[in-house]
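For reference, start.txt (compact mmCIF, C-alpha atoms and all ligand atoms):
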# COMPACT_ATOMS: atom_id res chain seq x y z
CA MET S 1 103.13 114.59 70.57
CA LEU S 2 104.26 114.20 74.18
CA THR S 3 103.12 116.37 77.05
CA ASP S 4 104.40 117.25 80.49
CA TYR S 5 101.84 119.33 82.36
CA HIS S 6 102.14 118.38 85.98
CA VAL S 7 105.48 120.10 86.49
CA HIS S 8 106.88 122.21 89.33
CA LEU S 9 109.56 124.83 88.73
CA ARG S 10 110.98 124.21 92.19
CA ARG S 11 111.39 121.46 94.71
CA ASP S 12 109.26 121.22 97.84
CA GLU S 13 112.09 121.82 100.32
CA PRO S 14 112.55 125.09 102.24
CA GLY S 15 115.00 127.48 100.55
CA THR S 16 113.36 127.13 97.15
CA GLU S 17 111.89 130.63 97.07
CA ALA S 18 109.88 131.87 94.14
CA SER S 19 112.45 134.58 93.44
CA ARG S 20 115.10 131.92 92.72
CA TYR S 21 113.03 129.42 90.74
CA LEU S 22 110.17 131.31 89.11
CA THR S 23 112.52 132.99 86.68
CA ALA S 24 112.59 133.27 82.91
CA ALA S 25 116.00 131.55 82.89
CA ASN S 26 114.72 128.55 84.86
CA ALA S 27 111.63 128.30 82.66
CA ALA S 28 113.85 128.41 79.56
CA ARG S 29 115.97 125.60 81.03
CA TYR S 30 112.82 123.50 81.50
CA ARG S 31 111.75 124.24 77.92
CA GLU S 32 115.17 123.25 76.59
CA THR S 33 115.28 120.00 78.55
CA ALA S 34 111.73 119.13 77.45
CA ALA S 35 112.60 119.83 73.80
CA GLU S 36 115.65 117.55 74.03
CA ARG S 37 113.32 114.80 75.27
CA GLY S 38 110.71 115.29 72.55
CA ILE S 39 108.13 116.95 74.81
CA ALA S 40 106.39 119.64 72.79
CA GLU S 41 103.59 120.52 75.20
CA LEU S 42 105.00 121.80 78.47
CA GLY S 43 103.22 123.46 81.35
CA VAL S 44 103.74 124.22 85.02
CA ALA S 45 101.42 123.49 87.90
CA GLU S 46 102.81 124.82 91.17
CA HIS S 47 101.23 123.58 94.39
CA VAL S 48 98.33 125.74 95.55
CA HIS S 49 99.66 125.58 99.12
CA ARG S 50 102.62 127.73 98.08
CA PHE S 51 100.33 130.74 97.77
CA ARG S 52 98.90 133.07 100.41
CA GLN S 53 95.49 132.96 98.75
CA ALA S 54 95.25 129.24 99.59
CA LEU S 55 94.79 130.15 103.27
CA ASP S 56 91.32 131.47 102.35
CA VAL S 57 90.54 127.86 101.42
CA TRP S 58 92.21 125.85 104.16
CA ARG S 59 94.50 126.60 107.09
CA HIS S 60 96.20 123.24 107.56
CA PRO S 61 99.54 123.66 109.44
CA PHE S 62 101.46 122.49 106.35
CA TRP S 63 99.75 125.10 104.22
CA ARG S 64 100.37 127.84 106.81
CA LEU S 65 104.04 126.90 106.73
CA ASN S 66 104.25 127.15 102.93
CA ALA S 67 101.73 129.76 101.81
CA VAL S 68 104.05 132.72 101.27
CA ASP S 69 103.85 133.56 97.56
CA ASP S 70 101.32 135.57 95.62
CA LEU S 71 99.17 133.56 93.24
CA ASP S 72 98.58 136.40 90.81
CA ASP S 73 102.32 137.10 90.59
CA TYR S 74 102.80 133.44 89.62
CA CYS S 75 100.13 133.64 86.92
CA ALA S 76 101.57 136.89 85.54
CA PHE S 77 105.09 135.42 85.54
CA VAL S 78 104.09 132.31 83.57
CA ARG S 79 102.00 134.29 81.07
CA GLU S 80 104.38 137.19 80.56
CA GLU S 81 107.88 135.77 81.05
CA THR S 82 107.60 132.19 79.78
CA ASP S 83 106.09 130.26 76.87
CA LEU S 84 104.78 127.53 79.18
CA ARG S 85 101.19 126.54 79.70
CA LEU S 86 99.75 127.87 82.95
CA GLY S 87 98.40 125.34 85.39
CA ILE S 88 98.11 124.76 89.10
CA GLU S 89 98.04 121.67 91.29
CA ALA S 90 95.08 122.17 93.62
CA ASP S 91 94.04 119.88 96.45
CA PHE S 92 90.59 118.49 96.86
CA VAL S 93 89.61 119.66 100.35
CA PRO S 94 86.19 118.24 101.26
CA GLY S 95 83.83 120.91 102.53
CA ARG S 96 85.96 123.68 101.01
CA GLU S 97 84.85 123.19 97.40
CA ASP S 98 83.27 126.64 97.10
CA ARG S 99 86.33 128.37 98.45
CA MET S 100 88.68 126.44 96.16
CA ALA S 101 86.37 127.08 93.20
CA ASN S 102 86.49 130.81 93.97
CA LEU S 103 90.28 130.77 93.98
CA LEU S 104 90.47 128.79 90.74
CA ASP S 105 87.69 130.51 88.81
CA ALA S 106 89.20 133.95 89.38
CA ARG S 107 92.22 133.08 87.19
CA GLU S 108 92.75 131.99 83.59
CA TRP S 109 94.43 128.60 83.67
CA ASP S 110 95.23 126.38 80.75
CA TYR S 111 94.39 123.49 83.08
CA VAL S 112 93.86 122.66 86.74
CA VAL S 113 95.42 119.50 88.16
CA GLY S 114 93.37 118.11 91.04
CA SER S 115 95.04 116.07 93.78
CA VAL S 116 94.12 114.12 96.87
CA HIS S 117 97.09 114.35 99.23
CA PHE S 118 95.20 114.63 102.53
CA LEU S 119 92.53 112.59 104.26
CA ALA S 120 91.12 115.05 106.79
CA GLU S 121 94.26 116.50 108.49
CA TRP S 122 96.53 113.59 107.52
CA ALA S 123 98.62 113.07 104.39
CA VAL S 124 98.98 109.89 102.35
CA ASP S 125 102.37 110.99 100.95
CA ASP S 126 104.01 113.11 103.68
CA ALA S 127 105.69 111.38 106.64
CA ASP S 128 105.32 114.51 108.80
CA TYR S 129 101.53 114.16 108.69
CA ASP S 130 101.40 110.41 108.15
CA VAL S 131 97.86 109.10 107.87
CA TYR S 132 99.07 105.62 108.76
CA ARG S 133 99.81 106.76 112.33
CA SER S 134 96.13 106.61 113.16
CA LEU S 135 94.44 104.48 110.48
CA ASP S 136 94.89 100.95 109.15
CA ALA S 137 95.60 100.22 105.50
CA GLU S 138 92.06 99.18 104.68
CA THR S 139 90.63 102.45 106.01
CA VAL S 140 93.30 104.60 104.35
CA TRP S 141 92.77 103.00 100.95
CA ARG S 142 88.98 103.11 101.21
CA ARG S 143 88.92 106.77 102.24
CA TYR S 144 91.53 107.72 99.66
CA PHE S 145 89.59 106.29 96.72
CA GLU S 146 86.26 107.64 98.01
CA SER S 147 87.89 111.06 98.18
CA LEU S 148 89.37 110.65 94.69
CA GLY S 149 85.91 110.00 93.25
CA GLU S 150 84.55 113.07 95.07
CA ALA S 151 87.44 115.16 93.74
CA ALA S 152 86.55 114.21 90.17
CA ARG S 153 82.86 114.76 90.80
CA SER S 154 83.49 118.26 92.18
CA GLY S 155 84.05 119.41 88.59
CA MET S 156 86.83 121.78 89.69
CA PHE S 157 89.66 119.98 87.96
CA ASP S 158 90.69 119.17 84.39
CA ILE S 159 93.20 116.45 85.28
CA LEU S 160 93.05 113.94 88.12
CA ALA S 161 96.63 113.73 89.42
CA HIS S 162 98.56 110.58 90.37
CA PRO S 163 95.35 108.57 90.71
CA ASP S 164 96.65 105.88 93.09
CA LEU S 165 99.07 108.08 95.06
CA VAL S 166 98.10 106.13 98.19
CA LYS S 167 100.55 103.40 97.10
CA VAL S 168 103.49 105.86 97.17
CA TRP S 169 105.35 104.18 100.07
CA GLY S 170 105.19 100.71 98.53
CA SER S 171 106.03 98.14 101.19
CA GLY S 172 107.11 100.98 103.50
CA ARG S 173 103.54 101.20 104.85
CA PRO S 174 100.87 98.57 105.50
CA LEU S 175 99.17 97.49 102.27
CA PRO S 176 95.72 95.96 101.92
CA ASP S 177 95.55 92.33 100.84
CA GLY S 178 94.23 90.85 97.64
CA ASP S 179 92.69 92.38 94.56
CA LEU S 180 92.89 96.16 94.83
CA ARG S 181 90.09 96.71 92.35
CA ARG S 182 87.60 96.81 95.25
CA TYR S 183 89.19 100.16 96.20
CA TYR S 184 89.49 101.54 92.66
CA GLU S 185 85.77 100.76 92.26
CA LEU S 186 84.96 103.31 94.99
CA ALA S 187 86.27 106.13 92.79
CA MET S 188 84.91 104.97 89.47
CA ASP S 189 81.39 106.43 89.49
CA GLY S 190 82.62 109.92 90.33
CA ILE S 191 85.40 109.75 87.75
CA ALA S 192 83.24 108.29 84.98
CA GLU S 193 80.46 110.82 85.51
CA SER S 194 82.84 113.79 85.63
CA GLY S 195 84.52 113.29 82.25
CA ILE S 196 87.83 114.33 83.86
CA ALA S 197 91.15 113.41 82.24
CA VAL S 198 93.24 110.98 84.26
CA GLU S 199 96.92 111.53 84.73
CA VAL S 200 99.42 108.85 83.90
CA SER S 201 102.36 109.96 86.03
CA THR S 202 105.88 108.64 86.05
CA ALA S 203 106.51 110.25 89.46
CA GLY S 204 105.86 106.92 91.15
CA LEU S 205 108.98 105.52 89.47
CA ARG S 206 111.03 107.95 91.60
CA LYS S 207 109.21 107.04 94.82
CA PRO S 208 109.55 103.99 97.11
CA VAL S 209 106.73 102.19 95.24
CA GLY S 210 108.76 102.33 91.99
CA GLU S 211 105.65 102.17 89.77
CA ILE S 212 103.81 104.46 87.40
CA TYR S 213 100.50 105.92 88.64
CA PRO S 214 97.92 104.47 88.10
CA ALA S 215 98.46 100.71 88.38
CA PRO S 216 97.51 98.65 85.29
CA ALA S 217 94.27 97.26 86.77
CA PHE S 218 93.12 100.79 87.70
CA LEU S 219 94.14 102.32 84.38
CA ALA S 220 92.27 99.56 82.53
CA MET S 221 89.12 100.45 84.51
CA LEU S 222 89.58 104.16 83.78
CA LEU S 223 90.03 103.50 80.07
CA ASP S 224 86.96 101.24 80.02
CA ALA S 225 85.03 104.16 81.50
CA GLY S 226 86.19 106.33 78.59
CA CYS S 227 88.65 108.56 80.48
CA PRO S 228 91.19 110.39 78.31
CA VAL S 229 94.81 110.37 79.48
CA ALA S 230 97.08 113.28 80.42
CA LEU S 231 100.76 112.33 80.60
CA SER S 232 103.10 114.00 83.11
CA SER S 233 106.26 113.44 85.13
CA ASP S 234 105.51 115.62 88.19
CA ALA S 235 109.09 116.87 87.81
CA HIS S 236 110.34 119.25 90.50
CA VAL S 237 113.66 119.84 88.69
CA ALA S 238 114.35 120.16 84.95
CA GLU S 239 116.32 116.88 84.97
CA ASP S 240 113.16 114.94 85.86
CA LEU S 241 111.08 116.21 82.91
CA GLY S 242 109.82 113.29 80.91
CA HIS S 243 111.49 110.90 83.37
CA GLY S 244 110.50 107.31 82.58
CA TYR S 245 108.54 108.30 79.47
CA ASP S 246 109.86 105.34 77.44
CA GLN S 247 108.27 103.09 80.02
CA ALA S 248 105.08 105.19 80.15
CA VAL S 249 104.65 105.24 76.37
CA ALA S 250 105.11 101.46 76.22
CA TYR S 251 102.61 101.10 79.07
CA LEU S 252 100.05 103.24 77.25
CA ALA S 253 100.57 101.37 73.97
CA GLU S 254 100.06 98.07 75.76
CA LEU S 255 96.68 99.30 77.02
CA GLY S 256 95.71 100.65 73.59
CA VAL S 257 96.05 104.38 74.39
CA ARG S 258 97.01 106.25 71.22
CA GLU S 259 96.11 109.84 72.14
CA LEU S 260 96.97 112.29 74.88
CA CYS S 261 95.10 115.32 76.19
CA VAL S 262 96.31 118.77 75.24
CA PHE S 263 94.95 121.78 77.14
CA GLU S 264 94.60 125.43 76.34
CA ARG S 265 92.51 127.86 78.44
CA ARG S 266 90.76 124.87 79.99
CA ALA S 267 89.66 123.49 76.62
CA ARG S 268 90.79 119.93 75.95
CA ARG S 269 91.60 118.17 72.72
CA LEU S 270 93.28 114.87 71.90
CA GLU S 271 96.52 114.55 69.96
CA PRO S 272 98.09 111.31 68.71
CA ILE S 273 101.07 110.19 70.79
CA GLY S 274 102.94 109.61 67.53
ZN ZN S 301 100.69 115.87 94.03
ZN ZN S 302 102.93 117.70 91.88
As structure tokens, how would this structure be written, given the file I've shared?
Ligand SMILES: [Zn+2]
Ligand SMILES: [Zn+2]
Amino acid sequence: MLTDYHVHLRRDEPGTEASRYLTAANAARYRETAAERGIAELGVAEHVHRFRQALDVWRHPFWRLNAVDDLDDYCAFVREETDLRLGIEADFVPGREDRMANLLDAREWDYVVGSVHFLAEWAVDDADYDVYRSLDAETVWRRYFESLGEAARSGMFDILAHPDLVKVWGSGRPLPDGDLRRYYELAMDGIAESGIAVEVSTAGLRKPVGEIYPAPAFLAMLLDAGCPVALSSDAHVAEDLGHGYDQAVAYLAELGVRELCVFERRARRLEPIG
């Protein structure tokens, strides 16, 4: 059994309106592509910042630019016009946990993917809001992993997305020296105590870093702590579904992972990778 849960029906660029991409035909195309690639469990998790309701949580300029769709229309579309699992990719916004929990708890997801993209007003993965403009690598990495642990500990999320996203630029941004486990360690207590599933994401293979998230040393720590794994591609087009899964499955086998998380109405079970 293979899964792809952290999936977007449209790209992040302007001109990718809901009316063009949140359609039964597009969803069917995703289902077909997934089936061809042996992915039986398929769900979508659009970015929370695409929805007007997200502005009740946070009013970051990037969110104000993007928050045009209706969240309940999205949920109704996925439930009524597709056979996909219903998820959402929600940011961890420190200090706004209650507001985000209100938004999430009011709807019936199969799973909620939790992400750290921002450190305060600055993004680790968006050049327009580049956190490296004002902070050095050591500070960015430390704050990122502290925030990741808090995100897990918040209890709002079922899956912790792209756990070492901070490496996304590879050598395109300053990197800390030496053994990176001192940063991973900062997130471990929160993650271990939360029982959250950790995402193994092939998205990093399509980014400058050219690596799966999370890095082997981090994944080994997560597995030691007993974290179950959720496998996703973070595809934004059907062609990217299951991208790099041969590599991901070999990676998981090497680390002794034989089961993947499957989600339904926020209940989790494990299925053999097979
Ligand atoms: Zn993300
Ligand atoms: Zn995503």
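The residue that comes closest to Val249 of chain S, out of S:Thr23, S:Asn102, S:Thr3, S:Thr33 and on the basis of only C-alpha atoms, is S:Thr3.
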Nearby residues (all atoms listed in the file) at most 12 Å from Cys261 of chain S, same-chain spacing under 6 positions excluded, as a ChimeraX atom specification: /S:1-5,41,110-111,158-159,196-200,227-232,267-273
Expected residue set, 12 Å radius at (101.3, 107.3, 106.5), only C-alpha atoms, as an NGL selection string: :S and (117-119 or 121-137 or 139-141 or 144 or 165-175)
Take the residues just selected and output them with C-alpha atoms as a PDB file, keeping the file's coordinate frame.
ATOM      1  CA  HIS S 117      97.090 114.350  99.230  1.00  0.00           C
ATOM      2  CA  PHE S 118      95.200 114.630 102.530  1.00  0.00           C
ATOM      3  CA  LEU S 119      92.530 112.590 104.260  1.00  0.00           C
ATOM      4  CA  GLU S 121      94.260 116.500 108.490  1.00  0.00           C
ATOM      5  CA  TRP S 122      96.530 113.590 107.520  1.00  0.00           C
ATOM      6  CA  ALA S 123      98.620 113.070 104.390  1.00  0.00           C
ATOM      7  CA  VAL S 124      98.980 109.890 102.350  1.00  0.00           C
ATOM      8  CA  ASP S 125     102.370 110.990 100.950  1.00  0.00           C
ATOM      9  CA  ASP S 126     104.010 113.110 103.680  1.00  0.00           C
ATOM     10  CA  ALA S 127     105.690 111.380 106.640  1.00  0.00           C
ATOM     11  CA  ASP S 128     105.320 114.510 108.800  1.00  0.00           C
ATOM     12  CA  TYR S 129     101.530 114.160 108.690  1.00  0.00           C
ATOM     13  CA  ASP S 130     101.400 110.410 108.150  1.00  0.00           C
ATOM     14  CA  VAL S 131      97.860 109.100 107.870  1.00  0.00           C
ATOM     15  CA  TYR S 132      99.070 105.620 108.760  1.00  0.00           C
ATOM     16  CA  ARG S 133      99.810 106.760 112.330  1.00  0.00           C
ATOM     17  CA  SER S 134      96.130 106.610 113.160  1.00  0.00           C
ATOM     18  CA  LEU S 135      94.440 104.480 110.480  1.00  0.00           C
ATOM     19  CA  ASP S 136      94.890 100.950 109.150  1.00  0.00           C
ATOM     20  CA  ALA S 137      95.600 100.220 105.500  1.00  0.00           C
ATOM     21  CA  THR S 139      90.630 102.450 106.010  1.00  0.00           C
ATOM     22  CA  VAL S 140      93.300 104.600 104.350  1.00  0.00           C
ATOM     23  CA  TRP S 141      92.770 103.000 100.950  1.00  0.00           C
ATOM     24  CA  TYR S 144      91.530 107.720  99.660  1.00  0.00           C
ATOM     25  CA  LEU S 165      99.070 108.080  95.060  1.00  0.00           C
ATOM     26  CA  VAL S 166      98.100 106.130  98.190  1.00  0.00           C
ATOM     27  CA  LYS S 167     100.550 103.400  97.100  1.00  0.00           C
ATOM     28  CA  VAL S 168     103.490 105.860  97.170  1.00  0.00           C
ATOM     29  CA  TRP S 169     105.350 104.180 100.070  1.00  0.00           C
ATOM     30  CA  GLY S 170     105.190 100.710  98.530  1.00  0.00           C
ATOM     31  CA  SER S 171     106.030  98.140 101.190  1.00  0.00           C
ATOM     32  CA  GLY S 172     107.110 100.980 103.500  1.00  0.00           C
ATOM     33  CA  ARG S 173     103.540 101.200 104.850  1.00  0.00           C
ATOM     34  CA  PRO S 174     100.870  98.570 105.500  1.00  0.00           C
ATOM     35  CA  LEU S 175      99.170  97.490 102.270  1.00  0.00           C
TER      36      LEU S 175
END
Near-ligand residues for ligand ZN 302 (chain S), threshold 7 Å, all atoms listed in the file, as a ChimeraX atom specification: /S:6-8,47,89,234
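Here the question is which of S:Arg52, S:His60, S:Arg181, S:Arg99 gets nearest to Ala220 of chain S using only C-alpha atoms, and that residue is S:Arg181.
Using all atoms listed in the file, the nearest neighbour of ligand ZN 301 (chain S) within the list S:Pro14, S:Gly149, S:Gly114, S:Gly190 is S:Gly114.
With only C-alpha atoms and all ligand atoms as the atoms that count, the minimum distance from ligand ZN 301 (chain S) to the choices S:Met100, S:Val262, S:Val68, S:Val48 is reached by S:Val48.
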Using only C-alpha atoms: which of S:Leu222, S:Ala151, S:Leu241, S:Leu71 has the shortest distance to Ala106 of chain S: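 Closest to Ala106 of chain S of all the choices is S:Leu71.
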Computed interatomic separation between atom CA of Leu86 of chain S and atom CA of Ala250 of chain S (Å): 27.8 Å
Using only C-alpha atoms and all ligand atoms: which of S:Asp177, S:Asp246, S:Asp72, S:Asp12 has the shortest distance to ligand ZN 301 (chain S): S:Asp12
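Computed from the coordinates, the atom CA of Tyr30 of chain S to atom CA of Arg85 of chain S distance equals 12.2 Å.
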Test item: residues at most 6 Å from His49 of chain S, only C-alpha atoms, excluding those fewer than 3 positions along its chain, as number ranges by chain: S: 54, 63, 67
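Going from atom CA of Ser233 of chain S over to atom CA of Glu108 of chain S, you cover 23.0 Å.
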Protein/DNA/RNA residues near (88.4, 106.2, 96.2), cut 10 Å, all atoms listed in the file, as a PyMOL selection string: chain S and resi 116+140-151+163-164+166+182-191
Long-range neighbours of Arg107 of chain S as a VMD selection string, 9 Å cut-off, all atoms listed in the file, 2 positions minimum in chain: chain S and resid 72 75 103 to 105 109
